[in-house]
>>> print(open('structure_14.csv').read())   # CSV, C-alpha atoms
chain,number,residue,atom,x,y,z
E,1,MET,CA,0.0,0.0,0.0
E,2,TYR,CA,2.8,2.4,1.0
E,3,GLU,CA,4.8,1.4,-2.1
E,4,LYS,CA,1.8,2.0,-4.3
E,5,ASN,CA,1.3,5.6,-2.8
E,6,ALA,CA,5.0,6.3,-3.3
E,7,ARG,CA,4.7,5.4,-7.0
E,8,CYS,CA,1.7,7.7,-7.3
E,9,VAL,CA,3.6,10.6,-5.8
E,10,LYS,CA,6.5,9.9,-8.1
E,11,ALA,CA,4.2,9.8,-11.1
E,12,ARG,CA,2.5,13.1,-10.0
E,13,SER,CA,5.9,14.8,-9.6
E,14,PHE,CA,7.0,13.5,-12.9
E,15,ILE,CA,3.8,14.9,-14.5
E,16,ILE,CA,4.3,18.3,-12.9
E,17,ILE,CA,7.9,18.4,-14.2
E,18,LEU,CA,6.8,17.5,-17.6
E,19,ILE,CA,4.1,20.1,-17.6
E,20,THR,CA,6.7,22.6,-16.5
E,21,VAL,CA,9.0,21.5,-19.3
E,22,PHE,CA,6.1,21.7,-21.8
E,23,LEU,CA,5.1,25.2,-20.7
E,24,SER,CA,8.7,26.3,-20.7
E,25,THR,CA,9.2,25.0,-24.2
E,26,LEU,CA,6.2,27.0,-25.4
E,27,VAL,CA,7.5,30.2,-23.7
E,28,ILE,CA,11.1,29.7,-24.8
E,29,THR,CA,10.2,29.0,-28.4
E,30,SER,CA,8.2,32.2,-28.6
E,31,PRO,CA,10.6,34.9,-29.9
E,32,VAL,CA,11.7,37.4,-27.4
E,33,SER,CA,11.6,41.0,-28.6
E,34,ALA,CA,15.0,42.1,-29.6
E,35,ASP,CA,14.1,45.0,-31.8
E,36,SER,CA,16.8,47.1,-33.2
E,37,GLU,CA,17.0,50.8,-34.3
E,38,ASP,CA,19.3,53.1,-36.2
E,39,ILE,CA,19.3,56.8,-35.6
E,40,THR,CA,20.0,58.6,-38.8
E,41,GLY,CA,21.0,62.2,-39.1
E,42,PHE,CA,19.0,64.2,-41.8
E,43,THR,CA,20.7,67.4,-42.9
E,44,MET,CA,20.2,70.1,-45.5
E,45,THR,CA,21.9,73.4,-46.0
E,46,VAL,CA,19.8,76.3,-47.4
E,47,THR,CA,21.8,78.9,-49.2
E,48,GLU,CA,21.1,82.6,-49.9
E,49,VAL,CA,19.0,82.6,-53.0
E,50,ARG,CA,17.8,85.6,-55.0
E,51,SER,CA,16.1,85.1,-58.3
E,52,LEU,CA,15.1,87.7,-60.9
E,53,GLU,CA,13.1,87.1,-64.0
E,54,ILE,CA,12.4,89.8,-66.6
E,55,SER,CA,9.4,89.6,-68.9
E,56,ALA,CA,11.4,90.7,-71.9
E,57,SER,CA,14.9,89.8,-73.0
E,58,SER,CA,15.0,92.5,-75.6
E,59,ALA,CA,12.9,95.6,-76.6
E,60,PHE,CA,12.3,97.2,-80.0
E,61,PHE,CA,11.4,100.8,-80.5
E,62,VAL,CA,10.3,101.9,-83.9
E,63,PRO,CA,9.4,105.6,-83.5
E,64,GLY,CA,7.1,107.2,-85.9
E,65,VAL,CA,6.8,110.9,-86.9
E,66,ARG,CA,4.4,111.6,-84.1
E,67,GLU,CA,6.9,110.2,-81.5
E,68,LEU,CA,9.8,112.1,-83.1
E,69,LEU,CA,7.8,115.3,-82.9
E,70,ASP,CA,6.8,114.5,-79.3
E,71,GLY,CA,10.5,113.9,-78.4
E,72,GLU,CA,10.0,110.5,-76.9
E,73,SER,CA,8.9,107.0,-77.8
E,74,SER,CA,5.9,105.2,-76.6
E,75,PRO,CA,6.7,103.6,-73.3
E,76,GLN,CA,7.1,99.8,-72.9
E,77,THR,CA,6.7,98.0,-69.6
E,78,TRP,CA,9.0,95.3,-68.4
E,79,VAL,CA,8.0,93.2,-65.4
E,80,ALA,CA,10.7,92.2,-62.9
E,81,SER,CA,9.7,89.2,-60.9
E,82,VAL,CA,11.6,88.8,-57.7
E,83,SER,CA,11.9,85.6,-55.6
E,84,ALA,CA,14.3,85.5,-52.6
E,85,ASN,CA,14.7,83.9,-49.2
E,86,VAL,CA,16.7,86.9,-47.9
E,87,ASP,CA,16.7,90.6,-48.1
E,88,TRP,CA,17.3,92.1,-51.6
E,89,VAL,CA,17.6,95.2,-53.6
E,90,LEU,CA,16.7,95.6,-57.2
E,91,THR,CA,18.8,98.0,-59.3
E,92,ILE,CA,18.9,99.3,-62.8
E,93,ARG,CA,21.8,100.6,-64.8
E,94,GLY,CA,23.1,100.8,-68.4
E,95,ALA,CA,26.1,98.6,-69.4
E,96,GLU,CA,27.4,101.2,-71.9
E,97,SER,CA,27.6,104.9,-71.9
E,98,PHE,CA,26.5,105.2,-75.5
E,99,TRP,CA,24.3,103.5,-78.1
E,100,GLU,CA,25.8,102.0,-81.2
E,101,GLY,CA,24.4,103.7,-84.3
E,102,PRO,CA,24.7,106.7,-86.6
E,103,TRP,CA,25.8,108.9,-83.7
E,104,ASP,CA,26.8,108.5,-80.1
E,105,LYS,CA,23.4,108.6,-78.6
E,106,PRO,CA,23.9,108.7,-74.8
E,107,VAL,CA,22.6,106.1,-72.3
E,108,SER,CA,20.7,108.9,-70.6
E,109,ASP,CA,18.3,109.0,-73.5
E,110,ILE,CA,16.8,105.8,-72.0
E,111,LEU,CA,14.3,106.8,-69.4
E,112,TRP,CA,12.7,104.5,-66.8
E,113,GLU,CA,10.0,104.8,-64.2
E,114,TYR,CA,8.7,102.5,-61.4
E,115,ASP,CA,5.5,102.9,-59.5
E,116,GLY,CA,4.9,106.6,-60.5
E,117,SER,CA,8.3,107.6,-59.3
E,118,GLY,CA,8.7,109.9,-62.3
E,119,TRP,CA,10.9,109.3,-65.3
E,120,LEU,CA,14.6,109.0,-64.6
E,121,ALA,CA,17.5,108.9,-67.0
E,122,LEU,CA,19.4,105.7,-67.2
E,123,SER,CA,23.1,105.8,-66.2
E,124,THR,CA,25.9,103.4,-65.9
E,125,GLU,CA,25.7,103.7,-62.2
E,126,PRO,CA,23.1,101.4,-60.6
E,127,VAL,CA,20.1,103.0,-59.1
E,128,GLU,CA,17.8,101.3,-56.7
E,129,ILE,CA,14.3,100.5,-58.0
E,130,ARG,CA,13.0,98.6,-55.0
E,131,SER,CA,14.1,96.6,-52.0
E,132,GLY,CA,12.4,94.0,-49.9
E,133,GLY,CA,12.6,90.8,-47.8
E,134,PRO,CA,11.8,87.2,-48.6
E,135,SER,CA,9.5,87.2,-51.6
E,136,ASN,CA,7.8,84.7,-53.9
E,137,GLN,CA,7.5,85.9,-57.4
E,138,GLU,CA,6.7,89.5,-56.5
E,139,ALA,CA,6.1,91.4,-59.7
E,140,TYR,CA,7.5,95.0,-60.2
E,141,PRO,CA,6.5,96.7,-63.5
E,142,ILE,CA,9.1,99.0,-64.9
E,143,SER,CA,8.3,101.4,-67.7
E,144,VAL,CA,10.9,102.3,-70.2
E,145,LYS,CA,11.0,104.9,-73.1
E,146,VAL,CA,13.6,106.6,-75.3
E,147,ASN,CA,14.2,110.3,-75.6
E,148,LEU,CA,14.1,111.3,-79.3
E,149,ASP,CA,15.6,114.4,-81.0
E,150,ILE,CA,14.4,115.0,-84.5
E,151,GLU,CA,17.5,116.9,-85.3
E,152,GLN,CA,20.1,114.5,-83.9
E,153,ASP,CA,18.4,111.1,-84.3
E,154,ILE,CA,19.1,110.8,-88.0
E,155,PRO,CA,17.5,107.7,-89.7
E,156,GLY,CA,19.3,104.5,-89.0
E,157,GLU,CA,19.4,101.5,-86.7
E,158,TYR,CA,20.4,102.2,-83.1
E,159,TYR,CA,21.4,99.5,-80.7
E,160,TYR,CA,21.9,99.7,-77.0
E,161,GLY,CA,23.2,96.7,-75.0
E,162,TYR,CA,22.4,96.3,-72.2
E,163,VAL,CA,20.0,97.6,-69.7
E,164,VAL,CA,21.0,95.7,-66.6
E,165,LEU,CA,18.5,94.8,-63.9
E,166,GLU,CA,20.2,93.2,-60.9
E,167,LEU,CA,19.0,91.6,-57.7
E,168,SER,CA,21.6,91.8,-55.0
E,169,SER,CA,22.3,91.9,-51.3
E,170,PRO,CA,21.3,95.3,-49.7
J,1,MET,CA,-3.8,4.6,-12.5
J,2,LYS,CA,-0.4,3.6,-13.7
J,3,ASN,CA,-1.7,3.4,-17.3
J,4,ASN,CA,-3.2,6.8,-17.1
J,5,ALA,CA,0.0,8.4,-15.9
J,6,THR,CA,2.0,6.7,-18.6
J,7,ARG,CA,-0.4,8.0,-21.2
J,8,ILE,CA,-0.3,11.5,-19.9
J,9,ILE,CA,3.5,11.4,-19.8
J,10,THR,CA,3.7,10.1,-23.3
J,11,ILE,CA,1.3,12.7,-24.6
J,12,LEU,CA,3.2,15.5,-22.9
J,13,ILE,CA,6.5,14.3,-24.1
J,14,MET,CA,5.2,14.2,-27.7
J,15,ALA,CA,3.6,17.6,-27.4
J,16,SER,CA,6.8,19.0,-26.1
J,17,VAL,CA,8.8,17.5,-28.9
J,18,ILE,CA,6.4,18.5,-31.6
J,19,GLY,CA,6.1,22.0,-30.1
J,20,PHE,CA,9.8,22.3,-30.1
J,21,LEU,CA,10.4,20.9,-33.6
J,22,PHE,CA,7.7,23.0,-35.3
J,23,SER,CA,8.4,26.2,-33.6
J,24,ALA,CA,9.7,28.4,-36.4
J,25,ALA,CA,10.8,31.3,-34.2
J,26,PRO,CA,14.1,31.1,-32.4
J,27,ALA,CA,14.3,31.8,-28.7
J,28,TYR,CA,15.8,35.2,-29.2
J,29,ALA,CA,15.0,37.2,-32.3
J,30,GLU,CA,18.0,38.7,-34.1
J,31,GLN,CA,17.2,41.9,-35.8
J,32,ALA,CA,19.1,44.8,-37.1
J,33,VAL,CA,18.5,47.9,-39.3
J,34,THR,CA,21.0,50.2,-40.9
J,35,VAL,CA,20.6,53.5,-42.6
J,36,SER,CA,23.4,55.9,-43.5
J,37,ASP,CA,23.2,59.5,-42.6
J,38,ILE,CA,21.2,61.5,-45.1
J,39,ASN,CA,22.6,64.8,-46.4
J,40,LEU,CA,20.6,66.7,-49.0
J,41,GLY,CA,23.5,69.0,-49.6
J,42,LEU,CA,22.9,72.6,-50.7
J,43,VAL,CA,19.4,73.8,-51.4
J,44,GLY,CA,19.5,76.4,-54.2
J,45,GLU,CA,17.5,78.3,-56.7
J,46,GLU,CA,16.3,75.3,-58.7
J,47,ASP,CA,15.0,73.7,-55.5
J,48,PHE,CA,13.2,76.8,-54.5
J,49,ALA,CA,11.7,77.1,-58.0
J,50,ASN,CA,10.5,73.5,-57.7
J,51,GLY,CA,9.2,74.0,-54.2
J,52,TYR,CA,10.8,70.9,-52.9
J,53,VAL,CA,14.0,68.8,-52.8
J,54,PHE,CA,13.6,65.2,-53.8
J,55,LEU,CA,15.8,62.4,-52.5
J,56,PRO,CA,15.0,59.1,-54.2
J,57,ARG,CA,15.7,55.6,-53.1
J,58,VAL,CA,17.3,55.9,-49.7
J,59,PRO,CA,18.3,52.3,-48.7
J,60,VAL,CA,17.2,50.9,-45.4
J,61,PHE,CA,19.0,47.6,-44.8
J,62,TRP,CA,17.3,45.1,-42.6
J,63,ASP,CA,18.2,41.8,-41.0
J,64,SER,CA,15.7,39.7,-39.1
J,65,ASP,CA,15.3,36.0,-38.4
J,66,VAL,CA,11.6,36.5,-37.5
J,67,PRO,CA,8.7,38.2,-39.2
J,68,TRP,CA,9.3,41.9,-38.9
J,69,ARG,CA,8.0,45.4,-39.3
J,70,LEU,CA,10.0,48.5,-40.0
J,71,THR,CA,9.0,51.9,-38.7
J,72,ILE,CA,10.2,55.5,-39.1
J,73,GLN,CA,9.9,58.4,-36.7
J,74,SER,CA,11.5,61.7,-35.9
J,75,LEU,CA,13.3,62.3,-32.7
J,76,GLY,CA,12.9,66.0,-33.1
J,77,ALA,CA,9.7,68.1,-33.2
J,78,ASP,CA,11.0,70.2,-36.1
J,79,LEU,CA,13.9,70.6,-38.5
J,80,GLY,CA,15.4,73.5,-36.6
J,81,ALA,CA,15.8,77.1,-37.6
J,82,GLY,CA,17.9,78.9,-40.1
J,83,ASP,CA,20.8,81.2,-39.3
J,84,ASP,CA,18.4,84.0,-38.4
J,85,GLY,CA,16.9,81.8,-35.7
J,86,MET,CA,13.5,83.2,-36.6
J,87,THR,CA,11.2,80.3,-37.4
J,88,ASP,CA,11.6,76.5,-36.9
J,89,LYS,CA,11.0,74.6,-40.1
J,90,SER,CA,8.0,72.4,-39.6
J,91,LEU,CA,8.6,68.6,-39.4
J,92,SER,CA,5.6,68.2,-41.7
J,93,ASP,CA,7.8,69.7,-44.5
J,94,LEU,CA,9.6,66.3,-44.5
J,95,LEU,CA,7.7,63.6,-46.3
J,96,TRP,CA,8.5,60.0,-47.1
J,97,LYS,CA,7.1,57.1,-49.1
J,98,LEU,CA,8.2,53.7,-50.2
J,99,SER,CA,10.0,54.1,-53.5
J,100,ASP,CA,7.6,51.9,-55.4
J,101,GLU,CA,4.5,53.5,-54.0
J,102,GLU,CA,2.7,56.8,-54.6
J,103,ASN,CA,1.4,58.2,-51.3
J,104,TRP,CA,3.5,60.7,-49.4
J,105,LEU,CA,3.3,60.8,-45.7
J,106,PRO,CA,4.7,63.3,-43.3
J,107,VAL,CA,7.4,62.2,-40.9
J,108,THR,CA,6.1,62.5,-37.4
J,109,GLN,CA,7.3,61.9,-33.9
J,110,ASP,CA,5.2,58.8,-33.8
J,111,PRO,CA,6.4,55.6,-35.4
J,112,GLU,CA,4.9,55.0,-38.8
J,113,GLU,CA,5.1,51.6,-40.4
J,114,VAL,CA,7.2,51.6,-43.5
J,115,GLU,CA,7.1,48.0,-44.4
J,116,TRP,CA,6.5,44.5,-42.9
J,117,SER,CA,7.1,41.0,-44.0
J,118,MET,CA,6.5,37.4,-42.8
J,119,GLU,CA,9.8,36.5,-44.4
J,120,SER,CA,13.0,36.4,-42.4
J,121,GLY,CA,16.5,37.0,-43.7
J,122,THR,CA,18.2,40.1,-44.9
J,123,GLY,CA,17.1,42.7,-47.4
J,124,VAL,CA,16.7,46.4,-48.3
J,125,VAL,CA,13.8,48.7,-48.3
J,126,TYR,CA,14.0,51.8,-50.5
J,127,ILE,CA,12.3,55.0,-49.4
J,128,ASP,CA,12.0,58.4,-51.1
J,129,LEU,CA,12.2,61.6,-49.1
J,130,VAL,CA,10.9,65.0,-50.0
J,131,VAL,CA,11.5,68.3,-48.2
J,132,LEU,CA,9.1,71.1,-49.0
J,133,ILE,CA,10.9,74.4,-49.7
J,134,ASP,CA,9.4,77.9,-49.3
J,135,TRP,CA,10.8,81.2,-50.4
J,136,LEU,CA,9.1,83.0,-47.6
J,137,TYR,CA,10.1,80.8,-44.6
J,138,ASP,CA,13.3,78.9,-45.5
J,139,SER,CA,16.0,81.4,-44.6
J,140,PRO,CA,19.6,80.4,-45.1
J,141,GLY,CA,21.2,78.0,-42.7
J,142,GLN,CA,21.5,74.3,-41.8
J,143,TYR,CA,18.4,72.4,-41.0
J,144,GLN,CA,18.6,68.9,-39.4
J,145,VAL,CA,16.7,66.3,-37.5
J,146,ASP,CA,17.4,62.8,-36.3
J,147,LEU,CA,15.3,60.0,-37.7
J,148,THR,CA,14.9,56.7,-36.0
J,149,PHE,CA,14.4,53.6,-38.1
J,150,ARG,CA,13.3,50.6,-36.0
J,151,ILE,CA,12.8,47.0,-36.8
J,152,GLU,CA,10.8,44.9,-34.5
J,153,ILE,CA,8.9,41.6,-34.4
J,154,LEU,CA,5.8,41.7,-36.5
J,155,PRO,CA,2.9,41.7,-34.1
J,156,GLU,CA,0.4,38.9,-34.7
J,157,THR,CA,-2.4,41.4,-35.3
J,158,SER,CA,-0.5,42.8,-38.4
>>> encode(input="structure_14.csv", output="structure tokens")
Amino acid sequence: MYEKNARCVKARSFIIILITVFLSTLVITSPVSADSEDITGFTMTVTEVRSLEISASSAFFVPGVRELLDGESSPQTWVASVSANVDWVLTIRGAESFWEGPWDKPVSDILWEYDGSGWLALSTEPVEIRSGGPSNQEAYPISVKVNLDIEQDIPGEYYYGYVVLELSSP
Amino acid sequence: MKNNATRIITILIMASVIGFLFSAAPAYAEQAVTVSDINLGLVGEEDFANGYVFLPRVPVFWDSDVPWRLTIQSLGADLGAGDDGMTDKSLSDLLWKLSDEENWLPVTQDPEEVEWSMESGTGVVYIDLVVLIDWLYDSPGQYQVDLTFRIEILPETS
């Protein structure tokens, strides 16, 4: 009787051990989280950018009698479109002191105006048209005309290169 | 009584052996993810004109011996400010997508699932990145943020 009880106890102990082993097996064979990560630096460097677009790359004036008598051509309008991520200043100047043509027509015979500022003679020294801060395609219309002198402006082809519009740091 | 105990023992042993043999997952999952630092370089006029900078096919190398999922998140709340220190560039200006997919998602401080797979092994996931650029707000300077790529065991609910 005692021996039979001892066998039962041993069998129960063995079963408990096996259950423990079984459960351990289930737990152990489940993957343990071992996630991994990598920290990556993301970098970019923004430069100073000023961008200027002009609506016309060249302009033609063909003055008629009326304009010659009036002493000036009909005005044309160029649109300067400014984009910048920093402060800027827009200037205008002539690249040459004289036109090429039948006579040395001076650069000052080119007149410009911005925003009702009054007509100003172009010179080879840059003159500020407008300044500003960060801008996205802000449009600035600039009117241009040519002084005419019926006595001096003899017939012929006159060429002036170039009217320079510049966007620069203040 | 003896027969019952023997049966139970036999069944448990078999269950243990079968459970052990058919368990596909190892005891400890080995996982790794590697991404090189990302430098967009100089952002210039063309980028401003486009309104963005596009960086295609950034490789994210993964290694896992269990089913896995890959996530991306930002450690920072923004991309920092330019040299003038005026305005922090929004983290939402940084977008990502899988290279072979279409939908862009903003990078956030919460982990977003990039990819997952039931397959183990090693491989590479390619992602595209875009940074939105704005003339009015992106003053000169260096912008940066740390991104965390994490690989983890694929949850059973995925």
>>> closest_residue(input="structure_14.csv", among="J:Asn39, J:Asp128, J:Ile72, J:Pro155", to="Glu101 of chain J", atoms="only C-alpha atoms")
J:Asp128
>>> closest_residue(input="structure_14.csv", among="J:Leu154, J:Leu94, J:Ala49, J:Leu136", to="chain E", atoms="only C-alpha atoms")
J:Leu136
>>> residues_around(input="structure_14.csv", residues="Glu67 of chain E", least_positions_apart="4", cutoff="12 Å", atoms="all atoms listed in the file", output="list of chain:residue names")
E:Phe61, E:Val62, E:Pro63, E:Gly71, E:Glu72, E:Ser73, E:Ser74, E:Pro75, E:Lys145, E:Val146, E:Asn147, E:Leu148, E:Asp149, E:Ile150, E:Asp153
>>> residues_near_point(input="structure_14.csv", point="(16.8, 34.6, -42.9)", cutoff="9 Å", atoms="only C-alpha atoms", output="NGL selection string")
:J and (63-66 or 119-122)
>>> closest_atom_pairs(input="structure_14.csv", of="chain J", to="chain E", cutoff="6 Å", atoms="only C-alpha atoms", output="Markdown table")
| residue | atom | partner | partner_atom | distance |
| --- | --- | --- | --- | --- |
| J:Ser16 | CA | E:Phe22 | CA | 5.1 |
| J:Ala25 | CA | E:Pro31 | CA | 5.6 |
| J:Pro26 | CA | E:Pro31 | CA | 5.7 |
| J:Ala27 | CA | E:Pro31 | CA | 5.0 |
| J:Tyr28 | CA | E:Val32 | CA | 5.0 |
| J:Ala29 | CA | E:Pro31 | CA | 5.5 |
| J:Gln31 | CA | E:Ser36 | CA | 5.8 |
| J:Ala32 | CA | E:Ser36 | CA | 5.1 |
| J:Val33 | CA | E:Glu37 | CA | 6.0 |
| J:Thr34 | CA | E:Asp38 | CA | 5.8 |
| J:Asp37 | CA | E:Gly41 | CA | 4.9 |
| J:Ile38 | CA | E:Phe42 | CA | 4.8 |
| J:Asn39 | CA | E:Thr43 | CA | 4.8 |
| J:Leu40 | CA | E:Met44 | CA | 4.9 |
| J:Gly41 | CA | E:Met44 | CA | 5.4 |
| J:Leu42 | CA | E:Thr45 | CA | 4.9 |
| J:Val43 | CA | E:Val46 | CA | 4.7 |
| J:Glu45 | CA | E:Val49 | CA | 5.9 |
| J:Trp135 | CA | E:Asn85 | CA | 4.9 |
| J:Leu136 | CA | E:Pro134 | CA | 5.1 |
| J:Ser139 | CA | E:Asn85 | CA | 5.4 |
| J:Pro140 | CA | E:Val46 | CA | 4.7 |
| J:Gly141 | CA | E:Val46 | CA | 5.2 |
| J:Gln142 | CA | E:Thr45 | CA | 4.3 |
| J:Tyr143 | CA | E:Met44 | CA | 5.4 |
| J:Gln144 | CA | E:Thr43 | CA | 4.3 |
| J:Val145 | CA | E:Phe42 | CA | 5.3 |
| J:Asp146 | CA | E:Gly41 | CA | 4.6 |
| J:Leu147 | CA | E:Thr40 | CA | 5.0 |
| J:Thr148 | CA | E:Ile39 | CA | 4.4 |
| J:Phe149 | CA | E:Asp38 | CA | 5.3 |
| J:Arg150 | CA | E:Glu37 | CA | 4.1 |
| J:Ile151 | CA | E:Ser36 | CA | 5.4 |
| J:Glu152 | CA | E:Asp35 | CA | 4.3 |
>>> residues_around(input="structure_14.csv", residues="Leu90 of chain E", least_positions_apart="3", cutoff="10 Å", atoms="only C-alpha atoms", output="PyMOL selection string")
chain E and resi 52+80+82+126-132+140+165-170
>>> residues_near_point(input="structure_14.csv", point="(5.0, 40.2, -36.5)", cutoff="9 Å", atoms="all atoms listed in the file", output="list in words")
Val66, Pro67, Trp68, Arg69, Trp116, Ser117, Met118, Glu152, Ile153, Leu154, Pro155, Glu156, Thr157 and Ser158 of chain J
>>> decode(input="structure_14.csv", residues="segment 111-119 of chain E", atoms="all heavy atoms", output="PDB file, in the first residue's frame")
ATOM      1  N   LEU E 111      14.938 106.319 -70.619  1.00  0.00           N
ATOM      2  CA  LEU E 111      14.282 106.762 -69.390  1.00  0.00           C
ATOM      3  C   LEU E 111      13.507 105.596 -68.772  1.00  0.00           C
ATOM      4  O   LEU E 111      12.963 104.749 -69.501  1.00  0.00           O
ATOM      5  CB  LEU E 111      13.318 107.920 -69.696  1.00  0.00           C
ATOM      6  CG  LEU E 111      13.927 109.128 -70.421  1.00  0.00           C
ATOM      7  CD1 LEU E 111      12.836 110.122 -70.804  1.00  0.00           C
ATOM      8  CD2 LEU E 111      14.974 109.818 -69.546  1.00  0.00           C
ATOM      9  N   TRP E 112      13.463 105.569 -67.487  1.00  0.00           N
ATOM     10  CA  TRP E 112      12.718 104.495 -66.809  1.00  0.00           C
ATOM     11  C   TRP E 112      11.890 105.067 -65.654  1.00  0.00           C
ATOM     12  O   TRP E 112      12.215 106.119 -65.098  1.00  0.00           O
ATOM     13  CB  TRP E 112      13.644 103.384 -66.326  1.00  0.00           C
ATOM     14  CG  TRP E 112      14.604 103.810 -65.233  1.00  0.00           C
ATOM     15  CD1 TRP E 112      15.831 104.363 -65.410  1.00  0.00           C
ATOM     16  CD2 TRP E 112      14.382 103.724 -63.825  1.00  0.00           C
ATOM     17  NE1 TRP E 112      16.405 104.638 -64.204  1.00  0.00           N
ATOM     18  CE2 TRP E 112      15.545 104.245 -63.215  1.00  0.00           C
ATOM     19  CE3 TRP E 112      13.343 103.274 -63.035  1.00  0.00           C
ATOM     20  CZ2 TRP E 112      15.669 104.312 -61.826  1.00  0.00           C
ATOM     21  CZ3 TRP E 112      13.473 103.333 -61.651  1.00  0.00           C
ATOM     22  CH2 TRP E 112      14.627 103.842 -61.066  1.00  0.00           C
ATOM     23  N   GLU E 113      10.871 104.354 -65.302  1.00  0.00           N
ATOM     24  CA  GLU E 113       9.991 104.768 -64.213  1.00  0.00           C
ATOM     25  C   GLU E 113       9.445 103.533 -63.513  1.00  0.00           C
ATOM     26  O   GLU E 113       9.114 102.540 -64.160  1.00  0.00           O
ATOM     27  CB  GLU E 113       8.816 105.590 -64.757  1.00  0.00           C
ATOM     28  CG  GLU E 113       7.857 106.051 -63.668  1.00  0.00           C
ATOM     29  CD  GLU E 113       6.599 106.673 -64.246  1.00  0.00           C
ATOM     30  OE1 GLU E 113       5.988 106.047 -65.135  1.00  0.00           O
ATOM     31  OE2 GLU E 113       6.227 107.769 -63.807  1.00  0.00           O
ATOM     32  N   TYR E 114       9.361 103.623 -62.187  1.00  0.00           N
ATOM     33  CA  TYR E 114       8.731 102.536 -61.430  1.00  0.00           C
ATOM     34  C   TYR E 114       7.707 103.135 -60.462  1.00  0.00           C
ATOM     35  O   TYR E 114       8.044 104.042 -59.690  1.00  0.00           O
ATOM     36  CB  TYR E 114       9.765 101.728 -60.630  1.00  0.00           C
ATOM     37  CG  TYR E 114       9.109 100.825 -59.607  1.00  0.00           C
ATOM     38  CD1 TYR E 114       8.409  99.694 -60.013  1.00  0.00           C
ATOM     39  CD2 TYR E 114       9.134 101.141 -58.252  1.00  0.00           C
ATOM     40  CE1 TYR E 114       7.760  98.897 -59.088  1.00  0.00           C
ATOM     41  CE2 TYR E 114       8.505 100.344 -57.320  1.00  0.00           C
ATOM     42  CZ  TYR E 114       7.811  99.223 -57.742  1.00  0.00           C
ATOM     43  OH  TYR E 114       7.162  98.450 -56.830  1.00  0.00           O
ATOM     44  N   ASP E 115       6.524 102.619 -60.518  1.00  0.00           N
ATOM     45  CA  ASP E 115       5.484 102.928 -59.534  1.00  0.00           C
ATOM     46  C   ASP E 115       5.263 104.427 -59.377  1.00  0.00           C
ATOM     47  O   ASP E 115       5.179 104.946 -58.256  1.00  0.00           O
ATOM     48  CB  ASP E 115       5.866 102.291 -58.183  1.00  0.00           C
ATOM     49  CG  ASP E 115       4.664 102.184 -57.244  1.00  0.00           C
ATOM     50  OD1 ASP E 115       3.531 102.148 -57.751  1.00  0.00           O
ATOM     51  OD2 ASP E 115       4.883 102.156 -56.019  1.00  0.00           O
ATOM     52  N   GLY E 116       5.203 105.137 -60.509  1.00  0.00           N
ATOM     53  CA  GLY E 116       4.895 106.571 -60.470  1.00  0.00           C
ATOM     54  C   GLY E 116       5.981 107.419 -59.860  1.00  0.00           C
ATOM     55  O   GLY E 116       5.718 108.515 -59.338  1.00  0.00           O
ATOM     56  N   SER E 117       7.198 106.890 -59.881  1.00  0.00           N
ATOM     57  CA  SER E 117       8.306 107.642 -59.262  1.00  0.00           C
ATOM     58  C   SER E 117       8.762 108.808 -60.123  1.00  0.00           C
ATOM     59  O   SER E 117       9.563 109.632 -59.677  1.00  0.00           O
ATOM     60  CB  SER E 117       9.482 106.694 -59.013  1.00  0.00           C
ATOM     61  OG  SER E 117       9.939 106.174 -60.252  1.00  0.00           O
ATOM     62  N   GLY E 118       8.265 108.892 -61.357  1.00  0.00           N
ATOM     63  CA  GLY E 118       8.737 109.916 -62.289  1.00  0.00           C
ATOM     64  C   GLY E 118       9.837 109.339 -63.169  1.00  0.00           C
ATOM     65  O   GLY E 118      10.566 108.425 -62.762  1.00  0.00           O
ATOM     66  N   TRP E 119       9.930 109.877 -64.357  1.00  0.00           N
ATOM     67  CA  TRP E 119      10.908 109.339 -65.308  1.00  0.00           C
ATOM     68  C   TRP E 119      12.320 109.740 -64.916  1.00  0.00           C
ATOM     69  O   TRP E 119      12.575 110.904 -64.595  1.00  0.00           O
ATOM     70  CB  TRP E 119      10.593 109.823 -66.720  1.00  0.00           C
ATOM     71  CG  TRP E 119       9.306 109.223 -67.243  1.00  0.00           C
ATOM     72  CD1 TRP E 119       8.083 109.816 -67.235  1.00  0.00           C
ATOM     73  CD2 TRP E 119       9.148 107.929 -67.815  1.00  0.00           C
ATOM     74  NE1 TRP E 119       7.134 108.963 -67.773  1.00  0.00           N
ATOM     75  CE2 TRP E 119       7.778 107.794 -68.138  1.00  0.00           C
ATOM     76  CE3 TRP E 119      10.001 106.864 -68.075  1.00  0.00           C
ATOM     77  CZ2 TRP E 119       7.253 106.638 -68.711  1.00  0.00           C
ATOM     78  CZ3 TRP E 119       9.482 105.720 -68.652  1.00  0.00           C
ATOM     79  CH2 TRP E 119       8.128 105.601 -68.965  1.00  0.00           C
TER      80      TRP E 119
END
